[in-house]
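Colleague: The structure under discussion is supplied below as structure tokens; questions concerning it will follow.
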Amino acid sequence: MQRRDFIRNASLALAAFGLPALNVGAAASRQVGLRRLGQPLPFDFASLKGEARALAAAPYKTHKRTLPGPVEALDWDEYQSIRYRQDHALWGNEPGRFQAKFFHLGLYFHSPVRMFDVVDGKAQELAYDGAAFDYGKSGIKGGQLPADLGFAGFRLNTRKDTDRDFAAFLGASYFRAVGKEGQYGQSARGLAIDTGTGGPEEFPDFIAYYLERPDNDSDTIVVYALLDSPSVAGAYRFAITNGDVLLMDIDSALYPRKAIERLGIAPCTSMFQVGENDRRMAWDWRPEIHDTDGLAMWSGGGEWIWRPLVNPRELRFNMFVDRNPRGFGLLQRDREFDHYQDDGVFYEKRPCLWVEPKGEWGEGSVQLVEIPTVDETFDNIVAFWNPKDKPQAGQELLVGYRLYWGAEPPARSPLAHTVATRTGLGGIIGKKREHFSWRFAVDFAGGELASLIDKGEVEAVVQASRGTLEIVSARPLREINGYRAMFDLVPGDDSTAQIDIRLFLRSGGKTLTETWLYQYSPPPAGAPERTLY
């Protein structure tokens with residue numbers, strides 16, 4: 001995968017999702033009718049799947065286009081100044097609970113997306129209208145743009161809050177949502193193709209959206225999407241229920257044009273630059289910088305796993321083989337403001353994203369890609385499900401799952417969970433070091449740990465793929481009503497090859513915690529930390 005392409009598509013594009021979307025100069029009480037094209041035609045998910053199947057049977061044609069000069073030339077600030085007018089909001093004059101507004105093309109968004117309004121089982125296309133946008137400081141005159149320019153994506157608002165959106169679809173097949181904290185963070189995608197293979201990554205596009213007008217008293221809005229890329233076409237149905245934890249119930253039908261080396265189902269995309277366990281890029285004054293701090297998995301066999309994220313020196317790829325997974329996701333477990341000290345983007349409020357499969361997904365693996373980054377604007381973390389059998393041309397793949405966006409995932413282990421991972425130089429303070437070692441301190445809380453602080457013995461069970469373990473301990477940590485496991489890892493040589501570590505706590509043969517997994521890459525010979533003995 002080319003890191004530059006990944007960053008451009010996965011991160012810079014999504015930065016335009018900013019929550020505040022003030023509709024300057026528009027009167028909220030005045031509704032202007034949206035212009036429509038053609039006549040309403042019968043529409044349902046079955047017909048959209050048929051369209052996707054027909055699309056896959058034809059040669060792929062790119063959806064990118066050269067935009068008009070003034071739109072093509074927009075810089076970041078100019079693009080951000082463009083606002084969709086409240087008086088043109090879809091369903092703005094309807095009594096229901098939701099509204100939709102549209103993103104303008106420009107900056108990183110060069111692929112026009114068709115928009116349809118679905119009412120009573122019939123879909124009608126919505127036409128681009130320059131009068132629907134306030135162009136702010138962009139220098140663009142809407143009346144001088146082509147009538148068929150098209151849109152870049154859309155956002156959803158409630159009638160109670162027409163300024164702050166709770167979900168947005170923008171750029172390739174990317175979309176984001178918020179929980180009750182009202183803070184955007186990581187993103188999801190319709191599909192990931194060949195992520196982390198070492199070759200070019202393919203970014204499918206949602207090329208059309210069908211927004212179904214919800215019933216007046218409904219808490220759920222249904223959105224359909226048509227996906228296309230050189231390798232695959234597909235149809236998606238999103239049932240989006242807004243709430244403290246936002247739920248997206250998704251059904252998808254995929255039709256490959258050719259064999260796909262690595263298909264990523266339900267991809268989650270995030271950022272990790274600096275955390276308590278990885279200070280390699282700690283140049284900033286803020287203690288931690290990340291949208292999420294770990295990958296959580298609930299395996300088909302019932303094991304709960306926590307894998308802290310890192311900002312690696314080189315691209316890192318991991319696969320966790322499973323059968324019929326019960327769930328996985330990128331979580332932001334650390335929700336303490338003091339740990340970030342960022343009063344602008346509020347990393348402690350970033351939503352977790354939990355993927356819950358519908359039905360049995362069979363054999364495959366949860367795969368994690370971590371890419372080096374020097375900047376928090378670069379999304380460098382991806383996690384997805386990869387089926388064991390590679391998709392082939394002519395197949396129909398039906399996949400359903402639910403996405404939960406919020407402060408905590410809906411599924412939670414009854415066992416104690418990891419609350420912190422810290423690392424640093426090993427050895428015993430005040431005693432001369434005879435060799436290089438690296439210290440790990442892992443804190444667990446919850447489950448039965450609080451009741452065992454003054455009763456029984458708790459032991460740390462640690463395994464490493466190579467090297468030697470020293471000073472292994474598990475001791476009560478009353479400040480969190482839990483336990484801290486500590487150990488030193490001695491690589492034993494100057495190799496920088498990664499070392500896989502596995503840890504959990506038990507007492508009397510009973511497992512007390514989720515399984516903590518980690519990958520440690522020792523520093524090269526001559527690194528400062530290797531000279532301190």
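Every chain in the structure tokens takes a letter, A first, then B, and so on in the order presented; its residues are numbered from 1, and the ligands are numbered from 1 following the presented order.
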Given only C-alpha atoms, how would the per-residue table for segment 314-390 of chain A near segment 170-185 of chain A read, listing every residue at most 9 Å away with its closest atom pair and distance in Å to one decimal, sorted by chain and number, as a Markdown table?

Modeller:
| residue | atom | partner | partner_atom | distance |
| --- | --- | --- | --- | --- |
| A:Val345 | CA | A:Gln183 | CA | 8.3 |
| A:Phe346 | CA | A:Gln183 | CA | 7.8 |
| A:Tyr347 | CA | A:Gly185 | CA | 7.9 |
| A:Lys349 | CA | A:Glu181 | CA | 6.1 |
| A:Arg350 | CA | A:Gly185 | CA | 4.9 |
| A:Pro351 | CA | A:Gly185 | CA | 6.1 |
| A:Cys352 | CA | A:Gly185 | CA | 8.4 |

Colleague: Enumerate as a PyMOL selection string all residues of segment 67-166 of chain A assigned to alpha helix (DSSP H) by DSSP on the backbone, naming them with the chain letters and numbers the document uses.

Modeller: chain A and resi 69-72+76-80

Colleague: Next, write the just-selected residues to a file, as a PDB file, in the first residue's frame, keeping N, CA and C atoms as the atom set.

Modeller:
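Result file out.pdb:
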ATOM      1  N   GLY A  69     -12.698  25.228 -13.032  1.00  0.00           N
ATOM      2  CA  GLY A  69     -11.494  25.854 -12.515  1.00  0.00           C
ATOM      3  C   GLY A  69     -11.607  26.416 -11.112  1.00  0.00           C
ATOM      4  N   PRO A  70     -12.612  27.256 -10.813  1.00  0.00           N
ATOM      5  CA  PRO A  70     -12.705  27.830  -9.469  1.00  0.00           C
ATOM      6  C   PRO A  70     -12.908  26.772  -8.384  1.00  0.00           C
ATOM      7  N   VAL A  71     -13.605  25.689  -8.701  1.00  0.00           N
ATOM      8  CA  VAL A  71     -13.818  24.616  -7.727  1.00  0.00           C
ATOM      9  C   VAL A  71     -12.537  23.806  -7.554  1.00  0.00           C
ATOM     10  N   GLU A  72     -11.859  23.535  -8.653  1.00  0.00           N
ATOM     11  CA  GLU A  72     -10.605  22.780  -8.632  1.00  0.00           C
ATOM     12  C   GLU A  72      -9.543  23.501  -7.809  1.00  0.00           C
ATOM     13  N   TRP A  76      -7.890  24.725   1.461  1.00  0.00           N
ATOM     14  CA  TRP A  76      -8.578  24.204   2.648  1.00  0.00           C
ATOM     15  C   TRP A  76      -9.569  25.220   3.231  1.00  0.00           C
ATOM     16  N   ASP A  77      -9.102  26.413   3.513  1.00  0.00           N
ATOM     17  CA  ASP A  77      -9.953  27.414   4.157  1.00  0.00           C
ATOM     18  C   ASP A  77     -11.115  27.820   3.261  1.00  0.00           C
ATOM     19  N   GLU A  78     -10.854  27.949   1.976  1.00  0.00           N
ATOM     20  CA  GLU A  78     -11.928  28.331   1.054  1.00  0.00           C
ATOM     21  C   GLU A  78     -13.008  27.258   0.994  1.00  0.00           C
ATOM     22  N   TYR A  79     -12.583  25.997   0.939  1.00  0.00           N
ATOM     23  CA  TYR A  79     -13.569  24.916   0.896  1.00  0.00           C
ATOM     24  C   TYR A  79     -14.385  24.881   2.186  1.00  0.00           C
ATOM     25  N   GLN A  80     -13.706  25.070   3.323  1.00  0.00           N
ATOM     26  CA  GLN A  80     -14.400  25.029   4.608  1.00  0.00           C
ATOM     27  C   GLN A  80     -15.417  26.152   4.763  1.00  0.00           C
TER      28      GLN A  80
END

Colleague: I need the residue nearest Met115 of chain A from this list: A:Leu532, A:Ala56, A:Ile250, A:Leu34. Use only C-alpha atoms for the distance.

Modeller: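 Nearest to Met115 of chain A: A:Leu34.
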
Colleague: In terms of the shortest atom-to-atom distance over only C-alpha atoms, which of A:Leu226, A:Ile381, A:Val461, A:Ala167 is closest to Ser252 of chain A?

Modeller: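 Looking only at the distances to Ser252 of chain A, the closest residue turns out to be A:Leu226.
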
Colleague: Give me, as JSON lines, the closest atom pair and its distance (Å, one decimal) for every residue of segment 123-197 of chain A within a cut-off of 12 Å of segment 320-333 of chain A, counting only C-alpha atoms, rows sorted by chain and rising number.

Modeller:
{"residue": "A:Gly185", "atom": "CA", "partner": "A:Gln332", "partner_atom": "CA", "distance": 9.6}
{"residue": "A:Gln186", "atom": "CA", "partner": "A:Leu330", "partner_atom": "CA", "distance": 8.4}
{"residue": "A:Ser187", "atom": "CA", "partner": "A:Leu330", "partner_atom": "CA", "distance": 10.1}
{"residue": "A:Ala188", "atom": "CA", "partner": "A:Leu330", "partner_atom": "CA", "distance": 10.4}

Colleague: Give me the residues within 12 Å of Glu51 of chain A as a PyMOL selection string, counting only C-alpha atoms and dropping any in the same chain fewer than 2 places off.

Modeller: chain A and resi 43-49+53-58+208+225-228+233-236+253-255

Colleague: Find the residues near Lys160 of chain A: any atom within 8 Å, counting only C-alpha atoms, skip ones fewer than 2 places away on the same chain, and give them as a ChimeraX atom specification.

Modeller: /A:97,158,162

Colleague: Rounded to one decimal place, report the atom CA of Tyr401 of chain A-atom CA of Asp205 of chain A distance in Å.

Modeller: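 Between atom CA of Tyr401 of chain A and atom CA of Asp205 of chain A the gap is 19.6 Å.
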
Colleague: With only C-alpha atoms as the counted atoms, please give the residues lying no more than 6 Å from segment 215-224 of chain A, apart from itself and same-chain residues fewer than 4 positions off, as number ranges by chain.

Modeller: A: 95-96, 209-211, 236-241

Colleague: Could you give me, as a PyMOL selection string, each residue of segment 285-411 of chain A that DSSP assigns to strand (DSSP E or B) when run on this structure's backbone?

Modeller: chain A and resi 289-290+294-298+304-308+316-323+327-331+352-358+363-370+381-387+397-406

Colleague: What separation in Å, quoted to one decimal, exists between atom CA of Leu156 of chain A and atom CA of Phe169 of chain A?

Modeller: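 Calculated distance between atom CA of Leu156 of chain A and atom CA of Phe169 of chain A is 8.9 Å.
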
Colleague: Can you tell me, as a ChimeraX atom specification, what residues are no more than 9 Å from segment 473-479 of chain A when counting only C-alpha atoms, ignoring any on the same chain fewer than 3 positions away?

Modeller: /A:443-445,449-450,452-454,458-460,482-487,505

Colleague: List as JSON, numbers by chain the protein and nucleic acid residues near Leu126 of chain A, meaning an atom at most 8 Å away when only C-alpha atoms are counted, but skip any in the same chain fewer than 3 places from it.

Modeller: {"A": [34, 35, 36, 37, 114, 115, 116, 117]}

Colleague: Choose the residue, out of A:Pro308, A:Pro409, A:Pro391, A:Gly508, that has the smallest atom-to-atom separation from Lys258 of chain A; count only C-alpha atoms.

Modeller: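 Of the candidates, the smallest distance to Lys258 of chain A is held by A:Pro391.
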
Colleague: When distances are computed from only C-alpha atoms, which of A:Asp244, A:Asp389, A:Glu356, A:Asp129 shows the smallest separation from Met297 of chain A?

Modeller: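 Comparing A:Asp244, A:Asp389, A:Glu356, A:Asp129 against Met297 of chain A, the winner is A:Glu356.
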
Colleague: Using only C-alpha atoms, pick whichever of A:Tyr60, A:Arg466, A:Trp354, A:Leu107 has the shortest atom-to-atom distance to Leu403 of chain A.

Modeller: A:Trp354

Colleague: Using atom CA of Pro523 of chain A and atom CA of Ala282 of chain A as the two end points, give the distance in Å to one decimal.

Modeller: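 Distance reported for this atom pair: 16.0 Å.
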
Colleague: May I ask which of the residues A:Gly199, A:Gly400, A:Gly264, A:Pro112 is the closest one to Lys358 of chain A, counting only C-alpha atoms?

Modeller: A:Gly400
